[in-house]
Amino acid sequence: MTKPRRDIPHAPRGRSASSLRAREEGRGEGARFSAWRERVAKARVLIVGDVMLDRYWFGDVERISPEAPVPVVKIARSEERPGGAANVARNVAALGAQALLLSATGRDEPADALLRLLDSDRIRTSFLRDGACTTTVKLRVIGRQQQLLRIDFETPPPRELLASSLAEFDRLLGEADALVLSDYGKGGLAHIATMIERGRAAGKPVLVDPKGDDWERYRGATLITPNRAEFGQVAGRAHDEDDLARRAQALRRDLGLEALLITRAEEGMSLFSAEGTLSIPARAREVFDVSGAGDTVIATLGTLLAAGAPLPQAMAIANEAAGVVVGKLGTAVAEPHELI
């Protein structure tokens with residue numbers, strides 16, 4: 001049952017967002033990926049969440065169908081890429097860290113395809129497979145460099161299957177330096193509150209990419225990374241920067257989070273913690289496709305925190321990585337050579 005949007009009270013005024021925007025914590029040599037590359041190579045990140053297979057059909061549009069006013073696409077080629085939590089794992093591996101991926105899938109061809117793709121990216125997978133559900137597939141039809149149609153195939157995994165995943169979760173958590181929970185609302189994180197509790201008890205940074213408006217289930221996480229629309233759905237529309245900071249800090253305290261990071265598209269990112277607010281502008285690049293950018297942000301944050309980087313520096317590198325992937329088509333990754 002969907003919870004109504006909560007009203008966030010005005011928090012006491014402290015240092016304003018504008019007074020902290022020019023802070024330099026996220027700048028300097030430590031905010032360069034190259035400064036952390038050796039430590040990243042030794043880091044291990046556990047990713048748990050909803051995996052999916054992203055399929056792309058590319059073709060040419062030369063006429064309108066006589067059956068209905070829709071374009072006819074003559075398919076010339078196709079691609080398959082890991083999506084959802086699998087794309088987060090792919091981004092972690094692309095940066096050079098070891099990615100451990102736990103998820104529930106169907107016992108079907110899309111799951112087989114995901115395993116092949118993830119194996120080629122050197123990702124350690126632990127899929128709990130069940131014939132009672134189907135692996136989520138997002139099929140996109142693209143003509144003339146534009147997405148014309150998306151078709152989704154999905155059924156939620158059985159709750160019994162998810163309960164059995166906790167033993168495997170505990171085993172993998174012991175190997176990891178950081179935990180990333182990728183919630184796409186497909187039902188794969190029914191026990192997320194337990195996972196957050198166990199991750200924090202084990203002393204691991206726990207990062208959550210949220211979905212929906214029931215954020216009570218994310219209570220106690222180290223960091224959550226909503227985009228501005230997701231944040232507004234829960235905290236209400238902010239009237240200005242000071243109001244945004246008040247709402248974010250009130251929500252952060254209410255949920256017992258160490259930090260809350262809002263991705264703001266062309267306005268960059270804002271990080272809210274007990275120390276105040278840090279905002280950085282977006283890296284100026286041509287935007288081609290924003291799908292998967294949130295995966296890149298949380299993957300980069302989780303990787304850098306696993307390597308021991310301070311959060312402001314991890315945020316600066318994640319901002320740069322997001323600027324790289326929005327210039328690519330579909331779910332994509334940022335490679336080390338594309339970062340400073």
# chains A, B, ... in the order shown; residues from 1 in each chain; ligands from 1
>>> residues_around(residues="Gly106 of chain A", least_positions_apart="5", cutoff="10 Å", atoms="only C-alpha atoms", output="PyMOL selection string")
chain A and resi 111-112+127-136+154-157
>>> select_by_dssp(residues="segment 26-243 of chain A", states="alpha helix (DSSP H)", output="PDB file with N, CA and C atoms, in the first residue's frame")
ATOM      1  N   ARG A  37      43.039   4.855  -7.717  1.00  0.00           N
ATOM      2  CA  ARG A  37      42.956   3.691  -8.606  1.00  0.00           C
ATOM      3  C   ARG A  37      43.569   2.438  -7.990  1.00  0.00           C
ATOM      4  N   GLU A  38      44.725   2.545  -7.340  1.00  0.00           N
ATOM      5  CA  GLU A  38      45.352   1.365  -6.752  1.00  0.00           C
ATOM      6  C   GLU A  38      44.495   0.782  -5.632  1.00  0.00           C
ATOM      7  N   ARG A  39      43.915   1.641  -4.799  1.00  0.00           N
ATOM      8  CA  ARG A  39      43.075   1.144  -3.712  1.00  0.00           C
ATOM      9  C   ARG A  39      41.744   0.599  -4.233  1.00  0.00           C
ATOM     10  N   VAL A  40      41.246   1.196  -5.317  1.00  0.00           N
ATOM     11  CA  VAL A  40      40.024   0.681  -5.932  1.00  0.00           C
ATOM     12  C   VAL A  40      40.234  -0.753  -6.415  1.00  0.00           C
ATOM     13  N   ALA A  85      20.358  -3.627 -11.041  1.00  0.00           N
ATOM     14  CA  ALA A  85      21.488  -3.909 -10.157  1.00  0.00           C
ATOM     15  C   ALA A  85      22.659  -4.514 -10.918  1.00  0.00           C
ATOM     16  N   ALA A  86      22.376  -5.208 -12.014  1.00  0.00           N
ATOM     17  CA  ALA A  86      23.453  -5.779 -12.829  1.00  0.00           C
ATOM     18  C   ALA A  86      24.271  -4.675 -13.495  1.00  0.00           C
ATOM     19  N   ASN A  87      23.632  -3.579 -13.851  1.00  0.00           N
ATOM     20  CA  ASN A  87      24.369  -2.455 -14.415  1.00  0.00           C
ATOM     21  C   ASN A  87      25.204  -1.751 -13.350  1.00  0.00           C
ATOM     22  N   VAL A  88      24.707  -1.712 -12.110  1.00  0.00           N
ATOM     23  CA  VAL A  88      25.511  -1.178 -11.014  1.00  0.00           C
ATOM     24  C   VAL A  88      26.785  -2.010 -10.861  1.00  0.00           C
ATOM     25  N   ALA A  89      26.630  -3.337 -10.864  1.00  0.00           N
ATOM     26  CA  ALA A  89      27.788  -4.225 -10.743  1.00  0.00           C
ATOM     27  C   ALA A  89      28.746  -4.022 -11.908  1.00  0.00           C
ATOM     28  N   ARG A  90      28.205  -3.844 -13.089  1.00  0.00           N
ATOM     29  CA  ARG A  90      29.037  -3.622 -14.278  1.00  0.00           C
ATOM     30  C   ARG A  90      29.844  -2.332 -14.141  1.00  0.00           C
ATOM     31  N   ASN A  91      29.239  -1.294 -13.568  1.00  0.00           N
ATOM     32  CA  ASN A  91      29.951  -0.037 -13.354  1.00  0.00           C
ATOM     33  C   ASN A  91      31.050  -0.193 -12.314  1.00  0.00           C
ATOM     34  N   VAL A  92      30.782  -0.955 -11.258  1.00  0.00           N
ATOM     35  CA  VAL A  92      31.798  -1.213 -10.234  1.00  0.00           C
ATOM     36  C   VAL A  92      32.994  -1.922 -10.866  1.00  0.00           C
ATOM     37  N   ALA A  93      32.717  -2.973 -11.651  1.00  0.00           N
ATOM     38  CA  ALA A  93      33.791  -3.739 -12.282  1.00  0.00           C
ATOM     39  C   ALA A  93      34.571  -2.894 -13.285  1.00  0.00           C
ATOM     40  N   ALA A  94      33.878  -2.004 -14.003  1.00  0.00           N
ATOM     41  CA  ALA A  94      34.554  -1.161 -14.998  1.00  0.00           C
ATOM     42  C   ALA A  94      35.575  -0.240 -14.347  1.00  0.00           C
ATOM     43  N   GLU A 109      15.863 -18.017 -20.289  1.00  0.00           N
ATOM     44  CA  GLU A 109      16.892 -17.571 -21.231  1.00  0.00           C
ATOM     45  C   GLU A 109      17.455 -16.196 -20.890  1.00  0.00           C
ATOM     46  N   PRO A 110      16.640 -15.199 -20.481  1.00  0.00           N
ATOM     47  CA  PRO A 110      17.225 -13.906 -20.109  1.00  0.00           C
ATOM     48  C   PRO A 110      18.222 -14.008 -18.953  1.00  0.00           C
ATOM     49  N   ALA A 111      17.947 -14.870 -17.987  1.00  0.00           N
ATOM     50  CA  ALA A 111      18.902 -15.052 -16.884  1.00  0.00           C
ATOM     51  C   ALA A 111      20.198 -15.662 -17.396  1.00  0.00           C
ATOM     52  N   ASP A 112      20.091 -16.622 -18.326  1.00  0.00           N
ATOM     53  CA  ASP A 112      21.289 -17.204 -18.935  1.00  0.00           C
ATOM     54  C   ASP A 112      22.095 -16.130 -19.663  1.00  0.00           C
ATOM     55  N   ALA A 113      21.387 -15.252 -20.374  1.00  0.00           N
ATOM     56  CA  ALA A 113      22.066 -14.179 -21.104  1.00  0.00           C
ATOM     57  C   ALA A 113      22.774 -13.232 -20.134  1.00  0.00           C
ATOM     58  N   LEU A 114      22.110 -12.911 -19.026  1.00  0.00           N
ATOM     59  CA  LEU A 114      22.732 -12.045 -18.019  1.00  0.00           C
ATOM     60  C   LEU A 114      24.002 -12.676 -17.459  1.00  0.00           C
ATOM     61  N   LEU A 115      23.951 -13.958 -17.167  1.00  0.00           N
ATOM     62  CA  LEU A 115      25.123 -14.638 -16.614  1.00  0.00           C
ATOM     63  C   LEU A 115      26.298 -14.595 -17.591  1.00  0.00           C
ATOM     64  N   ARG A 116      26.014 -14.786 -18.870  1.00  0.00           N
ATOM     65  CA  ARG A 116      27.084 -14.728 -19.876  1.00  0.00           C
ATOM     66  C   ARG A 116      27.691 -13.328 -19.934  1.00  0.00           C
ATOM     67  N   LEU A 117      26.846 -12.313 -19.941  1.00  0.00           N
ATOM     68  CA  LEU A 117      27.326 -10.936 -20.031  1.00  0.00           C
ATOM     69  C   LEU A 117      28.134 -10.546 -18.800  1.00  0.00           C
ATOM     70  N   LEU A 118      27.641 -10.921 -17.632  1.00  0.00           N
ATOM     71  CA  LEU A 118      28.311 -10.553 -16.384  1.00  0.00           C
ATOM     72  C   LEU A 118      29.628 -11.306 -16.221  1.00  0.00           C
ATOM     73  N   ASP A 119      29.665 -12.543 -16.684  1.00  0.00           N
ATOM     74  CA  ASP A 119      30.901 -13.301 -16.621  1.00  0.00           C
ATOM     75  C   ASP A 119      31.977 -12.650 -17.494  1.00  0.00           C
ATOM     76  N   SER A 120      31.575 -12.116 -18.645  1.00  0.00           N
ATOM     77  CA  SER A 120      32.542 -11.455 -19.523  1.00  0.00           C
ATOM     78  C   SER A 120      33.069 -10.168 -18.904  1.00  0.00           C
ATOM     79  N   ARG A 159       8.367 -14.699  -2.332  1.00  0.00           N
ATOM     80  CA  ARG A 159       8.943 -14.216  -1.075  1.00  0.00           C
ATOM     81  C   ARG A 159       9.783 -15.300  -0.391  1.00  0.00           C
ATOM     82  N   GLU A 160       9.392 -16.564  -0.575  1.00  0.00           N
ATOM     83  CA  GLU A 160      10.155 -17.657   0.028  1.00  0.00           C
ATOM     84  C   GLU A 160      11.568 -17.716  -0.548  1.00  0.00           C
ATOM     85  N   LEU A 161      11.682 -17.441  -1.834  1.00  0.00           N
ATOM     86  CA  LEU A 161      12.988 -17.436  -2.476  1.00  0.00           C
ATOM     87  C   LEU A 161      13.852 -16.316  -1.907  1.00  0.00           C
ATOM     88  N   LEU A 162      13.239 -15.162  -1.683  1.00  0.00           N
ATOM     89  CA  LEU A 162      13.980 -14.030  -1.151  1.00  0.00           C
ATOM     90  C   LEU A 162      14.437 -14.281   0.282  1.00  0.00           C
ATOM     91  N   ALA A 163      13.609 -14.955   1.061  1.00  0.00           N
ATOM     92  CA  ALA A 163      13.990 -15.266   2.440  1.00  0.00           C
ATOM     93  C   ALA A 163      15.210 -16.179   2.474  1.00  0.00           C
ATOM     94  N   SER A 164      15.279 -17.090   1.511  1.00  0.00           N
ATOM     95  CA  SER A 164      16.417 -18.017   1.458  1.00  0.00           C
ATOM     96  C   SER A 164      17.696 -17.315   1.046  1.00  0.00           C
ATOM     97  N   SER A 165      17.580 -16.094   0.508  1.00  0.00           N
ATOM     98  CA  SER A 165      18.775 -15.372   0.054  1.00  0.00           C
ATOM     99  C   SER A 165      19.575 -14.783   1.207  1.00  0.00           C
ATOM    100  N   LEU A 166      18.986 -14.684   2.407  1.00  0.00           N
ATOM    101  CA  LEU A 166      19.674 -14.017   3.508  1.00  0.00           C
ATOM    102  C   LEU A 166      20.930 -14.760   3.957  1.00  0.00           C
ATOM    103  N   ALA A 167      20.922 -16.082   3.896  1.00  0.00           N
ATOM    104  CA  ALA A 167      22.120 -16.842   4.262  1.00  0.00           C
ATOM    105  C   ALA A 167      23.251 -16.556   3.278  1.00  0.00           C
ATOM    106  N   GLU A 168      22.923 -16.507   1.994  1.00  0.00           N
ATOM    107  CA  GLU A 168      23.928 -16.169   0.976  1.00  0.00           C
ATOM    108  C   GLU A 168      24.382 -14.726   1.119  1.00  0.00           C
ATOM    109  N   PHE A 169      23.456 -13.851   1.486  1.00  0.00           N
ATOM    110  CA  PHE A 169      23.798 -12.448   1.733  1.00  0.00           C
ATOM    111  C   PHE A 169      24.834 -12.336   2.844  1.00  0.00           C
ATOM    112  N   ASP A 170      24.623 -13.039   3.940  1.00  0.00           N
ATOM    113  CA  ASP A 170      25.551 -12.980   5.065  1.00  0.00           C
ATOM    114  C   ASP A 170      26.937 -13.468   4.649  1.00  0.00           C
ATOM    115  N   ARG A 171      26.983 -14.505   3.835  1.00  0.00           N
ATOM    116  CA  ARG A 171      28.271 -15.042   3.389  1.00  0.00           C
ATOM    117  C   ARG A 171      29.025 -14.018   2.540  1.00  0.00           C
ATOM    118  N   LEU A 172      28.331 -13.417   1.591  1.00  0.00           N
ATOM    119  CA  LEU A 172      28.969 -12.453   0.691  1.00  0.00           C
ATOM    120  C   LEU A 172      29.323 -11.155   1.415  1.00  0.00           C
ATOM    121  N   LEU A 173      28.488 -10.762   2.378  1.00  0.00           N
ATOM    122  CA  LEU A 173      28.755  -9.526   3.119  1.00  0.00           C
ATOM    123  C   LEU A 173      30.099  -9.595   3.831  1.00  0.00           C
ATOM    124  N   ILE A 192      15.048  -5.731   2.667  1.00  0.00           N
ATOM    125  CA  ILE A 192      16.082  -4.695   2.644  1.00  0.00           C
ATOM    126  C   ILE A 192      16.376  -4.139   4.033  1.00  0.00           C
ATOM    127  N   ALA A 193      15.365  -4.018   4.888  1.00  0.00           N
ATOM    128  CA  ALA A 193      15.606  -3.486   6.230  1.00  0.00           C
ATOM    129  C   ALA A 193      16.563  -4.392   7.005  1.00  0.00           C
ATOM    130  N   THR A 194      16.387  -5.704   6.863  1.00  0.00           N
ATOM    131  CA  THR A 194      17.285  -6.659   7.522  1.00  0.00           C
ATOM    132  C   THR A 194      18.694  -6.541   6.951  1.00  0.00           C
ATOM    133  N   MET A 195      18.799  -6.360   5.648  1.00  0.00           N
ATOM    134  CA  MET A 195      20.114  -6.249   5.014  1.00  0.00           C
ATOM    135  C   MET A 195      20.842  -4.982   5.464  1.00  0.00           C
ATOM    136  N   ILE A 196      20.108  -3.884   5.579  1.00  0.00           N
ATOM    137  CA  ILE A 196      20.719  -2.643   6.065  1.00  0.00           C
ATOM    138  C   ILE A 196      21.232  -2.830   7.486  1.00  0.00           C
ATOM    139  N   GLU A 197      20.398  -3.430   8.334  1.00  0.00           N
ATOM    140  CA  GLU A 197      20.778  -3.648   9.736  1.00  0.00           C
ATOM    141  C   GLU A 197      22.028  -4.514   9.834  1.00  0.00           C
ATOM    142  N   ARG A 198      22.082  -5.587   9.045  1.00  0.00           N
ATOM    143  CA  ARG A 198      23.236  -6.486   9.107  1.00  0.00           C
ATOM    144  C   ARG A 198      24.476  -5.833   8.502  1.00  0.00           C
ATOM    145  N   GLY A 199      24.300  -5.049   7.469  1.00  0.00           N
ATOM    146  CA  GLY A 199      25.434  -4.362   6.874  1.00  0.00           C
ATOM    147  C   GLY A 199      26.057  -3.360   7.822  1.00  0.00           C
ATOM    148  N   ARG A 200      25.222  -2.580   8.486  1.00  0.00           N
ATOM    149  CA  ARG A 200      25.738  -1.589   9.434  1.00  0.00           C
ATOM    150  C   ARG A 200      26.366  -2.274  10.652  1.00  0.00           C
ATOM    151  N   ALA A 201      25.755  -3.368  11.112  1.00  0.00           N
ATOM    152  CA  ALA A 201      26.313  -4.098  12.254  1.00  0.00           C
ATOM    153  C   ALA A 201      27.693  -4.665  11.928  1.00  0.00           C
ATOM    154  N   ARG A 228      16.100  14.201  -7.966  1.00  0.00           N
ATOM    155  CA  ARG A 228      15.288  15.273  -7.386  1.00  0.00           C
ATOM    156  C   ARG A 228      13.796  14.971  -7.446  1.00  0.00           C
ATOM    157  N   ALA A 229      13.359  14.222  -8.476  1.00  0.00           N
ATOM    158  CA  ALA A 229      11.943  13.865  -8.547  1.00  0.00           C
ATOM    159  C   ALA A 229      11.577  12.887  -7.445  1.00  0.00           C
ATOM    160  N   GLU A 230      12.441  11.892  -7.209  1.00  0.00           N
ATOM    161  CA  GLU A 230      12.180  10.919  -6.143  1.00  0.00           C
ATOM    162  C   GLU A 230      12.184  11.591  -4.781  1.00  0.00           C
ATOM    163  N   PHE A 231      13.100  12.522  -4.567  1.00  0.00           N
ATOM    164  CA  PHE A 231      13.136  13.234  -3.299  1.00  0.00           C
ATOM    165  C   PHE A 231      11.870  14.064  -3.109  1.00  0.00           C
ATOM    166  N   GLY A 232      11.444  14.770  -4.145  1.00  0.00           N
ATOM    167  CA  GLY A 232      10.249  15.590  -4.049  1.00  0.00           C
ATOM    168  C   GLY A 232       8.997  14.786  -3.771  1.00  0.00           C
ATOM    169  N   GLN A 233       8.965  13.540  -4.269  1.00  0.00           N
ATOM    170  CA  GLN A 233       7.813  12.672  -4.042  1.00  0.00           C
ATOM    171  C   GLN A 233       7.652  12.354  -2.555  1.00  0.00           C
ATOM    172  N   VAL A 234       8.765  12.294  -1.833  1.00  0.00           N
ATOM    173  CA  VAL A 234       8.736  11.948  -0.412  1.00  0.00           C
ATOM    174  C   VAL A 234       8.709  13.191   0.472  1.00  0.00           C
ATOM    175  N   ALA A 235       9.549  14.175   0.156  1.00  0.00           N
ATOM    176  CA  ALA A 235       9.719  15.329   1.040  1.00  0.00           C
ATOM    177  C   ALA A 235       8.912  16.544   0.621  1.00  0.00           C
ATOM    178  N   GLU A 241      16.726  26.966  -2.476  1.00  0.00           N
ATOM    179  CA  GLU A 241      17.838  26.155  -2.001  1.00  0.00           C
ATOM    180  C   GLU A 241      17.809  25.962  -0.483  1.00  0.00           C
ATOM    181  N   ASP A 242      17.487  27.001   0.255  1.00  0.00           N
ATOM    182  CA  ASP A 242      17.426  26.875   1.710  1.00  0.00           C
ATOM    183  C   ASP A 242      16.321  25.913   2.134  1.00  0.00           C
ATOM    184  N   ASP A 243      15.177  25.990   1.451  1.00  0.00           N
ATOM    185  CA  ASP A 243      14.071  25.089   1.751  1.00  0.00           C
ATOM    186  C   ASP A 243      14.450  23.652   1.410  1.00  0.00           C
TER     187      ASP A 243
END
>>> closest_residue(among="A:Gly323, A:Pro82, A:Pro281, A:Pro312", to="Thr296 of chain A", atoms="only C-alpha atoms")
A:Gly323
>>> residues_around(residues="Arg77 of chain A", least_positions_apart="6", cutoff="12 Å", atoms="only C-alpha atoms", output="short mmCIF file (atom, residue, chain, number, x, y, z; two decimals) with C-alpha atoms, in the first residue's frame")
data_model
loop_
_atom_site.label_atom_id
_atom_site.label_comp_id
_atom_site.auth_asym_id
_atom_site.auth_seq_id
_atom_site.Cartn_x
_atom_site.Cartn_y
_atom_site.Cartn_z
CA ARG A 55 17.60 -5.43 -24.96
CA TYR A 56 17.93 -2.95 -27.82
CA TRP A 57 16.57 -3.41 -31.33
CA PHE A 58 18.01 -0.90 -33.77
CA GLY A 59 16.49 -0.26 -37.17
CA ASP A 60 15.42 2.18 -39.85
CA VAL A 141 13.03 -0.34 -30.12
CA ILE A 142 15.20 2.44 -31.55
CA GLY A 143 14.94 4.10 -34.95
#
>>> select_by_dssp(residues="segment 128-331 of chain A", states="strand (DSSP E or B)", output="PyMOL selection string")
chain A and resi 128-130+136-143+146-153+178-182+206-209+223-224+227+259-263+269-273+276-280
>>> residues_around(residues="Leu100 of chain A", least_positions_apart="3", cutoff="9 Å", atoms="only C-alpha atoms", output="list in words")
Arg44, Val45, Leu46, Ile47, Val48, Ala89, Ile123, Arg124, Thr125, Ser126, Leu172, Glu175 and Ala176 of chain A
>>> write_last_selection(atoms="N, CA and C atoms", output="CSV table (one decimal), in the first residue's frame")
chain,number,residue,atom,x,y,z
A,44,ARG,N,36.2,-4.4,-2.7
A,44,ARG,CA,35.2,-5.4,-3.0
A,44,ARG,C,33.8,-4.8,-2.6
A,45,VAL,N,32.9,-4.8,-3.6
A,45,VAL,CA,31.6,-4.2,-3.4
A,45,VAL,C,30.5,-5.2,-3.6
A,46,LEU,N,29.6,-5.4,-2.6
A,46,LEU,CA,28.5,-6.3,-2.8
A,46,LEU,C,27.3,-5.5,-3.2
A,47,ILE,N,26.7,-5.9,-4.3
A,47,ILE,CA,25.5,-5.3,-4.9
A,47,ILE,C,24.4,-6.3,-4.8
A,48,VAL,N,23.3,-5.8,-4.2
A,48,VAL,CA,22.1,-6.7,-4.0
A,48,VAL,C,20.9,-5.9,-4.6
A,89,ALA,N,26.6,-3.3,-10.9
A,89,ALA,CA,27.8,-4.2,-10.7
A,89,ALA,C,28.7,-4.0,-11.9
A,123,ILE,N,32.4,-10.3,-13.2
A,123,ILE,CA,31.5,-10.1,-12.1
A,123,ILE,C,31.2,-11.4,-11.4
A,124,ARG,N,31.4,-11.5,-10.1
A,124,ARG,CA,31.0,-12.7,-9.4
A,124,ARG,C,29.5,-12.7,-9.2
A,125,THR,N,28.7,-13.6,-9.7
A,125,THR,CA,27.3,-13.6,-9.6
A,125,THR,C,26.8,-14.7,-8.7
A,126,SER,N,25.7,-14.4,-7.9
A,126,SER,CA,25.0,-15.4,-7.1
A,126,SER,C,23.6,-15.2,-7.4
A,172,LEU,N,28.3,-13.4,1.6
A,172,LEU,CA,29.0,-12.5,0.7
A,172,LEU,C,29.3,-11.2,1.4
A,175,GLU,N,32.7,-10.8,2.8
A,175,GLU,CA,33.8,-10.6,1.8
A,175,GLU,C,33.9,-9.2,1.4
A,176,ALA,N,32.9,-8.4,1.6
A,176,ALA,CA,32.8,-7.1,1.0
A,176,ALA,C,33.3,-5.9,1.8
>>> closest_residue(among="A:Leu305, A:Val325, A:Ile340, A:Leu139", to="Ser78 of chain A", atoms="only C-alpha atoms")
A:Leu139
>>> residues_around(residues="Arg140 of chain A", least_positions_apart="5", cutoff="12 Å", atoms="only C-alpha atoms", output="count of residues only")
26
>>> closest_residue(among="A:His239, A:Arg264, A:Arg252, A:Arg107", to="Trp215 of chain A", atoms="only C-alpha atoms")
A:Arg252
>>> closest_residue(among="A:Gly187, A:Gly96, A:Gly327, A:Gly49", to="Trp36 of chain A", atoms="only C-alpha atoms")
A:Gly96
>>> closest_residue(among="A:Ala178, A:Ala250, A:Ala97, A:Ile262", to="Thr222 of chain A", atoms="only C-alpha atoms")
A:Ala178
>>> residues_around(residues="Glu320 of chain A", least_positions_apart="6", cutoff="12 Å", atoms="only C-alpha atoms", output="list in words")
Gly26, Arg27, Ala31, Arg32, Phe33, Gly268, Met269, Ile280, Pro281, Ala282, Arg283, Ala284, Arg285, Ala293, Thr296, Val297, Thr300, Leu301, Gln313, Ala314, Val326, Gly327, Val333, Ala334, Glu335, Pro336, Glu338, Leu339 and Ile340 of chain A
>>> atom_distance(atom1="atom CA of Gly185 of chain A", atom2="atom CA of Glu267 of chain A")
26.1 Å
>>> atom_distance(atom1="atom CA of Leu101 of chain A", atom2="atom CA of Leu261 of chain A")
23.2 Å
